[in-house]
Amino acid sequence: MTTVEPGTTPDTTEPPSAPAEFDPDADSGPEERERNFRVVGQSPAHHDFVNKVRGTLLYAADWNLPGMIHGKVVRSDMAPAKIVRIDTSAAERLEGVVAVLTAADVPHNAIIEHASGGLGELTVEQPVLARDRVRYVGEPVAVVAAVDPETAAEAADLVEVEYEPLPGVYRPEDALADGAPLVHDEGNVLVNWHLDRGDIDAAFEQADVVIDRTYRSQHAEHAYLETEAGVGWIENDVVTLRISTQVIEHAVEIAAILGLPQSQVRVIASYMGGGFGGKEDMTVEPYIALLVWRTRRPVRMIWSRQESILASTKRHPFTMHYRTAATRDGKILALDADIIGDAGAYPCLSARVLFAGAALSPGPYKVPVVRIRSRAVFTNNVPTSAFRGFGAMQVTLGYESQMDALAAELGLTREEVRDRNYIEKGDLLAGGEPLTTAVAVRETRRAALDMLGAPSQPSGPGKVVGQGFACGMQPYGRSIWFRDHAAAWVTLQADGTLLIRSGVTDLGAGQAASLCQIASEILGVALSDISVYIGDTALTPPAGGTYATRQLYMSGNAILRAARKLRDQLTPVAAKELGVPEDALVWVDGMVRTESGGTGLSLPELVRAANEARVDTSVLNTWRARSGGFDPQKGQGHTYPDYTFGTHAAEVEVDVETGEVRLLKYAACHDVGRAINPTRVRGQIIGGAAQGIGYALTEDCVTDAGHPLSSLFADYLIPTAMDLPDIQVSVVESGEGRGPLNARGIGEPPIGPPAATLASAVEAAIGVRPTQLPITAERVLALLDQRESEKGKSA
């Protein structure tokens with residue numbers, strides 16, 4: 001579904017060499033303006049910590065309204081199929097039912113993802129409610145509202161839908177075959193991307209060694225603690241939704257669906273119990289909005305866990321074919337990569353995910369010649385879309401496996417082959433743009449391996465132990481050609497307290513609290529004296545969604561600039577009142593005073609003086625990210641603003657009789673530029689690593705001809721605390737990030753390396769490389785059989 005933000009129209013036609021448009025607030029790279037930090041770099045207990053511990057933080061499902069009714073989506077139980085008829089009469093007759101809506105009741109029944117400008121890109125509509133055809137199991141066909149959840153569920157069961165089965169396609173490779181059933185009349189390939197630099201054929205002719213392998217990843221579920229939920233009501237003829245969402249800007253799309261002016265739709269984001277990208281597309285929003293508009297009553301909708309796993313978007317399975325050319329001393333000459341991503345039945349954000357996969361497929365390595373292809377292919381599976389790591393994490397398995405294979409082929413250590421190829425500041429990326437910030441990946445590798453320590457002894461006979469590591473490179477911020485921006489509003493109140501307004505949404509990672517910490521650093525206001533209002537399309541300036549590890553980069557910089565502007569416009573007032581030069585003043589501990597600690601003004605006194613001098617005590621600032629263009633015809637141009645680098649290391653024990661993989665040790669290190677809040681940084685690294693470990697070893701949304709076979713936690717196996725060792729964390733601070741005060745994004749990077757790290761460790765234990773995820777006991781046994789077969793052939 002669409003993620004469109006005002007003023008962020010994609011532009012992929014600008015030549016790569018075109019200069020970024022000038023803006024005095026635009027990102028201009030690392031800087032050192034503030035020093036001797038007092039608040040930044042500390043780990044205070046913010047408001048969200050306290051409220052969560054007390055149990056007073058209200059999530060979307062906690063809101064109750066007088067006269068509230070309850071919504072339920074009717075979903076297809078087969079696909080693909082033609083809808084022959086829908087009979088809602090039995091549901092409408094059920095006592096307590098208030099409304100039953102189908103496609104005919106939706107004013108504008110289409111969601112269009114205006115994606116990215118890749119080659120041959122298709123424009124495909126996704127209906128809010130299916131009209132004449134369903135394309136995946138779980139697709140919404142109708143929506144009902146009733147006086148209580150039980151009646152709504154019963155009414156949903158009474159909606160009769162007659163289907164006529166159609167031929168389907170469930171593997172992207174099959175969808176690409178000649179004569180394959182068409183998921184959409186427009187075709188089965190949503191988008192093609194390519195990045196090209198240099199003469200690929202000549203590079204492979206010069207190679208002393210070529211590593212040619214294929215890697216496969218799987219559908220994965222977000223598995224957030226809080227399922228999709230929200231409430232809606234009409235207030236002053238405005239449809240108002242309080243939703244668990246990562247993107248309040250969906251108000252624009254909701255207005256279009258209802259046929260209303262944008263001013264008549266308001267979206268408020270609740271604090272979330274996790275999102276990981278699964279709440280970046282719309283979930284409950286259009287269905288609540290339709291029911292509210294039709295019934296004129298408050299409506300609540302909460303998806304069950306089974307419904308959430310069944311019908312929510314998933315991580316893209318990738319098939320990655322890698323060919324790496326190198327010299328005999330281990331220097332990479334070229335990369336030829338072909339990536340196919342399963343988009344499922346509708347576009348959602350697949351075009352952007354496959355762009356990220358293409359752009360990041362070389363990893364943190366110098367690759368002078370590249371030919372990279374990526375395609376998003378429609379199937380009759382559940383749609384895939386944003387998920388933490390967003391395409392850049394799947395390819396980590398590919399490029400790190402290639403590096404290990406190259407080392408083995410040449411008789412080099414895994415460290416040696418990487419040291420000869422790591423990208424450096426100033427080197428060109430696959431898109432032809434230079435990397436402009438520090439690359440501390442060597443330091444992160446050293447730290448991760450040091451934490452891992454010496455190998456353990458096997459716990460018994462039939463057990464083998466192996467250690468491995470993997471490096472990762474993850475962008476933060478949206479693609480440069482989206483010309484991203486975020487606004488923030490700061491006001492110094494009459495009593496010296498500070499008010500922050502930002503459209504940022506908070507997934508539970510402290511996005512709002514980080515803004516407070518930055519403002520406190522600049523303006524010297526105690527955190528306890530800062531109030532932050534977030535995620536409300538009617539009351540907060542737009543900040544864009546919380547995804548792509550962009551909010552610290554975008555809203556953090558917006559707050560930093562706003563706070564500095566406020567400080568700069570009020571410092572002359574203080575200097576005049578105190579009779580001292582402006583550069584002699586510091587803002588600290590609720591005062592503006594001389595650096596020596598002498599005379600000063602309290603912030604309330606400063607506000608009074610500013611009012612008398614007719615100087616504003618409020619600043620609304622819009623911060624604009626780096627801009628540029630990408631030429632899809634040439635396959636060259638600007639890609640992302642900056643990258644976060646890191647290394648993970650693991651030790652596993654493999655039971656060669658059962659194939660069981662037991663994780664013994666795990667260590668992770670990332671360069672975060674500067675840690676705004678070290679506790680939150682460590683939390684992101686631990687959480688991302690744990691989520692990545694589940695992806696690597698156990699998690700898989702298994703289907704049979706598009707029918708989900710794992711829609712409960714009983715059969716979708718996420719790791720528990722019993723499955724994980726204590727994850728050791730180390731942080732590098734290079735001071736060269738493009739975020740506020742030189743921070744780098746850390747929300748997504750930790751989920752990239754785990755799969756490649758564990759594949760490396762398993763290979764070290766059993767001598768065969770896993771190339772398909774998850775690395776289950778059955779697949780390990782198959783690898784052991786393969787090893788024995790190869791031994792027999794060579795004997």
# chains A, B, ... in the order shown; residues from 1 in each chain; ligands from 1
call {"tool": "residues_around", "arguments": {"residues": "A:Glu280", "least_positions_apart": "6", "cutoff": "12 Å", "atoms": "only C-alpha atoms", "output": "mmCIF file with N, CA and C atoms, in the first residue's frame"}}
result
data_model
loop_
_atom_site.group_PDB
_atom_site.id
_atom_site.type_symbol
_atom_site.label_atom_id
_atom_site.label_comp_id
_atom_site.auth_asym_id
_atom_site.auth_seq_id
_atom_site.Cartn_x
_atom_site.Cartn_y
_atom_site.Cartn_z
ATOM 1 N N MET A 1 0.840 -1.189 0.000
ATOM 2 C CA MET A 1 0.000 0.000 0.000
ATOM 3 C C MET A 1 0.880 1.247 0.000
ATOM 4 N N THR A 2 0.304 2.331 -0.326
ATOM 5 C CA THR A 2 1.098 3.531 -0.590
ATOM 6 C C THR A 2 1.675 4.138 0.678
ATOM 7 N N THR A 3 2.918 4.592 0.575
ATOM 8 C CA THR A 3 3.509 5.417 1.610
ATOM 9 C C THR A 3 3.950 6.701 0.939
ATOM 10 N N VAL A 4 3.035 7.644 0.821
ATOM 11 C CA VAL A 4 3.313 8.903 0.118
ATOM 12 C C VAL A 4 3.333 10.026 1.140
ATOM 13 N N HIS A 222 6.470 -10.583 11.062
ATOM 14 C CA HIS A 222 6.990 -9.544 11.960
ATOM 15 C C HIS A 222 6.882 -9.945 13.428
ATOM 16 N N GLU A 228 -2.258 -5.641 14.994
ATOM 17 C CA GLU A 228 -2.810 -4.448 14.347
ATOM 18 C C GLU A 228 -4.109 -4.046 15.046
ATOM 19 N N ILE A 243 -4.471 4.951 15.830
ATOM 20 C CA ILE A 243 -4.068 3.692 15.221
ATOM 21 C C ILE A 243 -2.653 3.307 15.661
ATOM 22 N N SER A 244 -2.406 2.031 15.675
ATOM 23 C CA SER A 244 -1.030 1.543 15.792
ATOM 24 C C SER A 244 -0.430 1.557 14.389
ATOM 25 N N THR A 245 0.255 2.624 14.072
ATOM 26 C CA THR A 245 0.773 2.809 12.712
ATOM 27 C C THR A 245 2.143 3.445 12.741
ATOM 28 N N GLN A 246 2.936 3.132 11.734
ATOM 29 C CA GLN A 246 4.239 3.762 11.574
ATOM 30 C C GLN A 246 4.159 5.018 10.717
ATOM 31 N N VAL A 247 3.002 5.257 10.071
ATOM 32 C CA VAL A 247 2.911 6.332 9.081
ATOM 33 C C VAL A 247 1.576 7.065 9.225
ATOM 34 N N ILE A 248 1.575 8.220 9.894
ATOM 35 C CA ILE A 248 0.320 8.970 10.021
ATOM 36 C C ILE A 248 -0.067 9.622 8.703
ATOM 37 N N GLU A 249 0.881 9.756 7.777
ATOM 38 C CA GLU A 249 0.581 10.375 6.487
ATOM 39 C C GLU A 249 -0.376 9.545 5.644
ATOM 40 N N HIS A 250 -0.720 8.346 6.101
ATOM 41 C CA HIS A 250 -1.763 7.574 5.420
ATOM 42 C C HIS A 250 -3.106 8.316 5.435
ATOM 43 N N ALA A 269 -1.223 8.638 15.950
ATOM 44 C CA ALA A 269 -0.470 7.409 16.189
ATOM 45 C C ALA A 269 -0.346 7.150 17.678
ATOM 46 N N MET A 272 3.493 2.312 19.951
ATOM 47 C CA MET A 272 3.323 0.964 19.407
ATOM 48 C C MET A 272 4.036 -0.085 20.237
ATOM 49 N N GLY A 274 5.656 -2.472 18.927
ATOM 50 C CA GLY A 274 6.439 -3.059 17.853
ATOM 51 C C GLY A 274 5.801 -2.843 16.496
ATOM 52 N N SER A 312 -1.197 -10.316 7.277
ATOM 53 C CA SER A 312 -0.305 -9.164 7.243
ATOM 54 C C SER A 312 0.825 -9.405 6.249
ATOM 55 N N THR A 313 1.453 -8.329 5.795
ATOM 56 C CA THR A 313 2.563 -8.467 4.859
ATOM 57 C C THR A 313 3.738 -9.195 5.512
ATOM 58 N N LYS A 314 4.583 -9.770 4.680
ATOM 59 C CA LYS A 314 5.721 -10.573 5.150
ATOM 60 C C LYS A 314 7.035 -10.033 4.592
ATOM 61 N N CYS A 348 2.602 -3.179 -2.821
ATOM 62 C CA CYS A 348 3.057 -2.655 -1.523
ATOM 63 C C CYS A 348 4.388 -1.923 -1.721
ATOM 64 N N LEU A 349 5.432 -2.272 -0.986
ATOM 65 C CA LEU A 349 6.709 -1.555 -1.098
ATOM 66 C C LEU A 349 7.785 -2.386 -1.780
ATOM 67 N N THR A 384 4.155 -9.125 0.211
ATOM 68 C CA THR A 384 5.352 -8.847 1.003
ATOM 69 C C THR A 384 5.637 -7.348 0.943
ATOM 70 N N SER A 385 6.283 -6.845 1.984
ATOM 71 C CA SER A 385 6.518 -5.406 2.021
ATOM 72 C C SER A 385 7.652 -5.097 2.989
ATOM 73 N N ALA A 386 7.548 -3.975 3.673
ATOM 74 C CA ALA A 386 8.622 -3.536 4.555
ATOM 75 C C ALA A 386 8.811 -4.491 5.726
ATOM 76 N N PHE A 387 10.050 -4.748 6.063
ATOM 77 C CA PHE A 387 10.421 -5.511 7.253
ATOM 78 C C PHE A 387 11.826 -5.068 7.601
ATOM 79 N N ARG A 388 12.050 -4.856 8.857
ATOM 80 C CA ARG A 388 13.344 -4.414 9.371
ATOM 81 C C ARG A 388 14.507 -4.962 8.520
ATOM 82 N N PHE A 390 14.782 -4.305 5.197
ATOM 83 C CA PHE A 390 14.242 -3.758 3.943
ATOM 84 C C PHE A 390 15.071 -4.102 2.718
ATOM 85 N N THR A 505 6.340 8.893 14.644
ATOM 86 C CA THR A 505 5.638 7.823 15.343
ATOM 87 C C THR A 505 6.663 7.001 16.114
ATOM 88 N N LEU A 507 7.742 3.418 17.679
ATOM 89 C CA LEU A 507 7.518 1.980 17.597
ATOM 90 C C LEU A 507 7.801 1.262 18.911
ATOM 91 N N GLY A 544 7.192 12.473 8.318
ATOM 92 C CA GLY A 544 7.356 11.242 7.553
ATOM 93 C C GLY A 544 7.233 10.049 8.479
ATOM 94 N N GLY A 545 7.151 8.881 7.916
ATOM 95 C CA GLY A 545 6.951 7.677 8.721
ATOM 96 C C GLY A 545 8.203 7.253 9.463
ATOM 97 N N THR A 546 7.977 6.343 10.409
ATOM 98 C CA THR A 546 9.096 5.742 11.137
ATOM 99 C C THR A 546 9.418 4.418 10.455
ATOM 100 N N TYR A 547 10.422 4.442 9.609
ATOM 101 C CA TYR A 547 10.868 3.277 8.847
ATOM 102 C C TYR A 547 12.208 3.637 8.240
ATOM 103 N N ALA A 548 12.862 2.648 7.652
ATOM 104 C CA ALA A 548 14.140 2.876 6.955
ATOM 105 C C ALA A 548 15.193 3.493 7.875
#
call {"tool": "residues_around", "arguments": {"residues": "stretch 323-338 of chain A", "least_positions_apart": "3", "cutoff": "6 Å", "atoms": "only C-alpha atoms", "output": "ChimeraX atom specification"}}
result
/A:204,207-212,320,367,369-374,417
call {"tool": "write_last_selection", "arguments": {"atoms": "C-alpha atoms", "output": "CSV table (one decimal), in the first residue's frame"}}
result
chain,number,residue,atom,x,y,z
A,204,PHE,CA,35.4,-12.2,-15.5
A,207,ALA,CA,39.7,-13.5,-13.1
A,208,ASP,CA,41.8,-16.3,-11.5
A,209,VAL,CA,38.8,-17.6,-9.6
A,210,VAL,CA,35.0,-17.3,-9.9
A,211,ILE,CA,32.6,-18.1,-7.1
A,212,ASP,CA,29.2,-19.0,-8.5
A,320,MET,CA,20.1,-14.6,-5.0
A,367,VAL,CA,33.8,-4.0,-6.3
A,369,VAL,CA,32.9,-3.7,-11.9
A,370,VAL,CA,29.3,-4.6,-11.2
A,371,ARG,CA,26.3,-6.0,-13.1
A,372,ILE,CA,23.4,-6.3,-10.7
A,373,ARG,CA,19.8,-7.2,-11.5
A,374,SER,CA,16.8,-7.3,-9.2
A,417,VAL,CA,40.1,-11.9,2.2
call {"tool": "residues_around", "arguments": {"residues": "A:Glu736", "least_positions_apart": "2", "cutoff": "7 Å", "atoms": "only C-alpha atoms", "output": "PyMOL selection string"}}
result
chain A and resi 30+437-438+673+734+738+742
call {"tool": "write_last_selection", "arguments": {"atoms": "C-alpha atoms", "output": "PDB file, in the first residue's frame"}}
result
ATOM      1  CA  PRO A  30      29.474  15.131   9.689  1.00  0.00           C
ATOM      2  CA  THR A 437      31.772   8.908   5.858  1.00  0.00           C
ATOM      3  CA  ALA A 438      34.078   6.652   7.871  1.00  0.00           C
ATOM      4  CA  GLY A 673      28.701   7.376  14.882  1.00  0.00           C
ATOM      5  CA  SER A 734      33.472   6.975  14.810  1.00  0.00           C
ATOM      6  CA  ARG A 738      24.964  12.052   9.158  1.00  0.00           C
ATOM      7  CA  ASN A 742      27.067  12.711  14.012  1.00  0.00           C
TER       8      ASN A 742
END
call {"tool": "select_by_dssp", "arguments": {"residues": "stretch 337-571 of chain A", "states": "helix (DSSP H, G or I)", "output": "ChimeraX atom specification"}}
result
/A:350-360,394-410,414-419,441-452,480-482,511-523,527-529,551-571
call {"tool": "closest_residue", "arguments": {"among": "A:Leu552, A:Leu182, A:Ile254, A:Met68", "to": "A:Ala110", "atoms": "only C-alpha atoms"}}
result
A:Ile254
call {"tool": "residues_around", "arguments": {"residues": "stretch 464-480 of chain A", "least_positions_apart": "6", "cutoff": "6 Å", "atoms": "only C-alpha atoms", "output": "number ranges by chain"}}
result
A: 363-364, 458, 548-550, 627-628, 639-640, 642-654, 745, 749, 753, 756-757, 760-761, 764-765
call {"tool": "closest_residue", "arguments": {"among": "A:Leu195, A:Ala223, A:Leu241, A:Ala562", "to": "A:Gln264", "atoms": "only C-alpha atoms"}}
result
A:Leu241
call {"tool": "residues_around", "arguments": {"residues": "A:Gln394", "least_positions_apart": "2", "cutoff": "8 Å", "atoms": "only C-alpha atoms", "output": "list in words"}}
result
Ser217, Phe318, Gly357, Gly389, Gly391, Ala392, Thr396, Leu397, Gly398 and Gly752 of chain A
call {"tool": "write_last_selection", "arguments": {"atoms": "N, CA and C atoms", "output": "short mmCIF file (atom, residue, chain, number, x, y, z; two decimals), in the first residue's frame"}}
result
data_model
loop_
_atom_site.label_atom_id
_atom_site.label_comp_id
_atom_site.auth_asym_id
_atom_site.auth_seq_id
_atom_site.Cartn_x
_atom_site.Cartn_y
_atom_site.Cartn_z
N SER A 217 16.27 -17.15 0.71
CA SER A 217 15.67 -16.80 2.00
C SER A 217 14.17 -17.04 1.93
N PHE A 318 13.99 -13.99 -1.01
CA PHE A 318 14.89 -13.65 -2.10
C PHE A 318 15.53 -14.93 -2.65
N GLY A 357 17.88 -4.11 -2.14
CA GLY A 357 18.63 -5.34 -2.33
C GLY A 357 19.69 -5.20 -3.40
N GLY A 389 15.27 -4.07 7.94
CA GLY A 389 16.35 -4.45 7.05
C GLY A 389 16.05 -4.20 5.60
N GLY A 391 15.30 -5.39 2.47
CA GLY A 391 16.03 -5.78 1.27
C GLY A 391 17.53 -5.81 1.44
N ALA A 392 18.06 -4.90 2.24
CA ALA A 392 19.50 -4.86 2.46
C ALA A 392 19.95 -5.99 3.38
N THR A 396 22.77 -9.83 2.70
CA THR A 396 23.93 -10.06 3.55
C THR A 396 24.33 -11.54 3.51
N LEU A 397 23.34 -12.43 3.49
CA LEU A 397 23.64 -13.86 3.37
C LEU A 397 24.41 -14.12 2.09
N GLY A 398 24.04 -13.44 1.01
CA GLY A 398 24.72 -13.65 -0.27
C GLY A 398 26.15 -13.16 -0.27
N GLY A 752 20.75 -7.56 9.97
CA GLY A 752 21.38 -8.02 8.75
C GLY A 752 22.36 -9.18 8.93
#
call {"tool": "residues_around", "arguments": {"residues": "A:Pro181", "least_positions_apart": "5", "cutoff": "9 Å", "atoms": "only C-alpha atoms", "output": "list in words"}}
result
Leu166, Pro167, Gly168, Val169, Ala175 and Asn188 of chain A
call {"tool": "closest_residue", "arguments": {"among": "A:Val144, A:Leu57, A:Leu539, A:Ala696", "to": "A:Val97", "atoms": "only C-alpha atoms"}}
result
A:Val144
call {"tool": "closest_residue", "arguments": {"among": "A:Asp62, A:Gly187, A:Val74, A:Ala777", "to": "A:Leu158", "atoms": "only C-alpha atoms"}}
result
A:Val74
call {"tool": "closest_residue", "arguments": {"among": "A:Ala563, A:Leu449, A:Val768, A:Ala81", "to": "A:Val490", "atoms": "only C-alpha atoms"}}
result
A:Ala563
call {"tool": "select_by_dssp", "arguments": {"residues": "stretch 467-530 of chain A", "states": "strand (DSSP E or B)", "output": "short mmCIF file (atom, residue, chain, number, x, y, z; two decimals) with C-alpha atoms, in the first residue's frame"}}
result
data_model
loop_
_atom_site.label_atom_id
_atom_site.label_comp_id
_atom_site.auth_asym_id
_atom_site.auth_seq_id
_atom_site.Cartn_x
_atom_site.Cartn_y
_atom_site.Cartn_z
CA GLN A 467 32.59 -20.24 15.13
CA GLY A 468 31.75 -17.75 12.42
CA PHE A 469 31.25 -14.08 11.76
CA ALA A 470 29.67 -11.78 9.21
CA CYS A 471 29.94 -8.09 8.41
CA GLY A 472 27.01 -5.93 7.41
CA MET A 473 26.24 -2.63 5.72
CA GLN A 474 22.80 -1.08 6.15
CA PRO A 475 21.56 2.28 4.84
CA TYR A 476 19.67 4.68 7.04
CA HIS A 485 12.30 16.13 4.74
CA ALA A 486 10.97 16.34 8.29
CA ALA A 487 9.70 19.24 10.39
CA ALA A 488 9.79 19.93 14.11
CA TRP A 489 8.36 22.67 16.31
CA VAL A 490 9.92 23.71 19.62
CA THR A 491 8.51 26.28 22.03
CA LEU A 492 10.02 27.62 25.22
CA LEU A 498 9.97 23.13 26.64
CA LEU A 499 7.27 21.88 24.29
CA ILE A 500 8.22 19.69 21.30
CA ARG A 501 5.82 18.84 18.48
CA SER A 502 6.80 16.31 15.82
CA ILE A 530 10.19 18.71 28.32
#
call {"tool": "closest_residue", "arguments": {"among": "A:Lys463, A:Asn381, A:Gln728, A:Gly739", "to": "A:Arg561", "atoms": "only C-alpha atoms"}}
result
A:Gly739
call {"tool": "atom_distance", "arguments": {"atom1": "atom CA of A:Gly706", "atom2": "atom CA of A:Thr283"}}
result
20.4 Å
call {"tool": "residues_around", "arguments": {"residues": "A:Gly138", "least_positions_apart": "4", "cutoff": "8 Å", "atoms": "only C-alpha atoms", "output": "count of residues only"}}
result
7
call {"tool": "decode", "arguments": {"residues": "stretch 677-704 of chain A", "atoms": "N, CA and C atoms", "output": "mmCIF file, in the first residue's frame"}}
result
data_model
loop_
_atom_site.group_PDB
_atom_site.id
_atom_site.type_symbol
_atom_site.label_atom_id
_atom_site.label_comp_id
_atom_site.auth_asym_id
_atom_site.auth_seq_id
_atom_site.Cartn_x
_atom_site.Cartn_y
_atom_site.Cartn_z
ATOM 1 N N ASN A 677 21.781 7.685 23.117
ATOM 2 C CA ASN A 677 21.396 7.027 24.363
ATOM 3 C C ASN A 677 21.956 5.610 24.325
ATOM 4 N N PRO A 678 23.066 5.336 25.009
ATOM 5 C CA PRO A 678 23.722 4.025 24.906
ATOM 6 C C PRO A 678 22.829 2.850 25.284
ATOM 7 N N THR A 679 21.953 3.025 26.271
ATOM 8 C CA THR A 679 21.075 1.912 26.648
ATOM 9 C C THR A 679 20.137 1.556 25.505
ATOM 10 N N ARG A 680 19.567 2.557 24.856
ATOM 11 C CA ARG A 680 18.685 2.277 23.728
ATOM 12 C C ARG A 680 19.468 1.692 22.553
ATOM 13 N N VAL A 681 20.677 2.149 22.326
ATOM 14 C CA VAL A 681 21.510 1.585 21.267
ATOM 15 C C VAL A 681 21.740 0.098 21.524
ATOM 16 N N ARG A 682 22.129 -0.239 22.746
ATOM 17 C CA ARG A 682 22.352 -1.651 23.076
ATOM 18 C C ARG A 682 21.064 -2.452 22.924
ATOM 19 N N GLY A 683 19.952 -1.870 23.324
ATOM 20 C CA GLY A 683 18.677 -2.554 23.188
ATOM 21 C C GLY A 683 18.337 -2.849 21.736
ATOM 22 N N GLN A 684 18.603 -1.879 20.844
ATOM 23 C CA GLN A 684 18.346 -2.104 19.426
ATOM 24 C C GLN A 684 19.241 -3.211 18.874
ATOM 25 N N ILE A 685 20.494 -3.233 19.270
ATOM 26 C CA ILE A 685 21.410 -4.255 18.778
ATOM 27 C C ILE A 685 21.005 -5.639 19.277
ATOM 28 N N ILE A 686 20.669 -5.730 20.555
ATOM 29 C CA ILE A 686 20.257 -7.031 21.107
ATOM 30 C C ILE A 686 18.960 -7.494 20.459
ATOM 31 N N GLY A 687 17.981 -6.599 20.358
ATOM 32 C CA GLY A 687 16.701 -6.972 19.760
ATOM 33 C C GLY A 687 16.829 -7.361 18.307
ATOM 34 N N GLY A 688 17.600 -6.589 17.541
ATOM 35 C CA GLY A 688 17.791 -6.908 16.132
ATOM 36 C C GLY A 688 18.512 -8.225 15.935
ATOM 37 N N ALA A 689 19.527 -8.473 16.771
ATOM 38 C CA ALA A 689 20.254 -9.744 16.677
ATOM 39 C C ALA A 689 19.330 -10.912 17.002
ATOM 40 N N ALA A 690 18.519 -10.781 18.051
ATOM 41 C CA ALA A 690 17.601 -11.860 18.423
ATOM 42 C C ALA A 690 16.600 -12.133 17.314
ATOM 43 N N GLN A 691 16.069 -11.078 16.716
ATOM 44 C CA GLN A 691 15.116 -11.250 15.616
ATOM 45 C C GLN A 691 15.798 -11.903 14.414
ATOM 46 N N GLY A 692 17.032 -11.517 14.147
ATOM 47 C CA GLY A 692 17.770 -12.112 13.045
ATOM 48 C C GLY A 692 18.138 -13.558 13.288
ATOM 49 N N ILE A 693 18.387 -13.925 14.537
ATOM 50 C CA ILE A 693 18.697 -15.311 14.874
ATOM 51 C C ILE A 693 17.479 -16.202 14.605
ATOM 52 N N GLY A 694 16.279 -15.715 14.977
ATOM 53 C CA GLY A 694 15.070 -16.474 14.676
ATOM 54 C C GLY A 694 14.887 -16.655 13.188
ATOM 55 N N TYR A 695 15.118 -15.588 12.433
ATOM 56 C CA TYR A 695 15.035 -15.638 10.967
ATOM 57 C C TYR A 695 16.014 -16.670 10.409
ATOM 58 N N ALA A 696 17.204 -16.747 11.005
ATOM 59 C CA ALA A 696 18.245 -17.638 10.497
ATOM 60 C C ALA A 696 17.962 -19.105 10.798
ATOM 61 N N LEU A 697 17.395 -19.393 11.974
ATOM 62 C CA LEU A 697 17.348 -20.779 12.438
ATOM 63 C C LEU A 697 15.968 -21.431 12.428
ATOM 64 N N THR A 698 14.888 -20.674 12.685
ATOM 65 C CA THR A 698 13.613 -21.356 12.923
ATOM 66 C C THR A 698 12.418 -20.779 12.189
ATOM 67 N N GLU A 699 12.404 -19.495 11.890
ATOM 68 C CA GLU A 699 11.175 -18.853 11.426
ATOM 69 C C GLU A 699 10.937 -19.091 9.934
ATOM 70 N N ASP A 700 9.692 -19.474 9.604
ATOM 71 C CA ASP A 700 9.344 -19.719 8.212
ATOM 72 C C ASP A 700 7.822 -19.743 8.088
ATOM 73 N N CYS A 701 7.283 -18.881 7.238
ATOM 74 C CA CYS A 701 5.845 -18.898 6.949
ATOM 75 C C CYS A 701 5.599 -19.928 5.847
ATOM 76 N N VAL A 702 5.364 -21.148 6.249
ATOM 77 C CA VAL A 702 5.212 -22.247 5.296
ATOM 78 C C VAL A 702 3.824 -22.182 4.670
ATOM 79 N N THR A 703 3.760 -22.396 3.358
ATOM 80 C CA THR A 703 2.480 -22.395 2.650
ATOM 81 C C THR A 703 2.382 -23.626 1.759
ATOM 82 N N ASP A 704 1.161 -23.968 1.411
ATOM 83 C CA ASP A 704 0.881 -25.039 0.459
ATOM 84 C C ASP A 704 -0.042 -24.459 -0.600
#
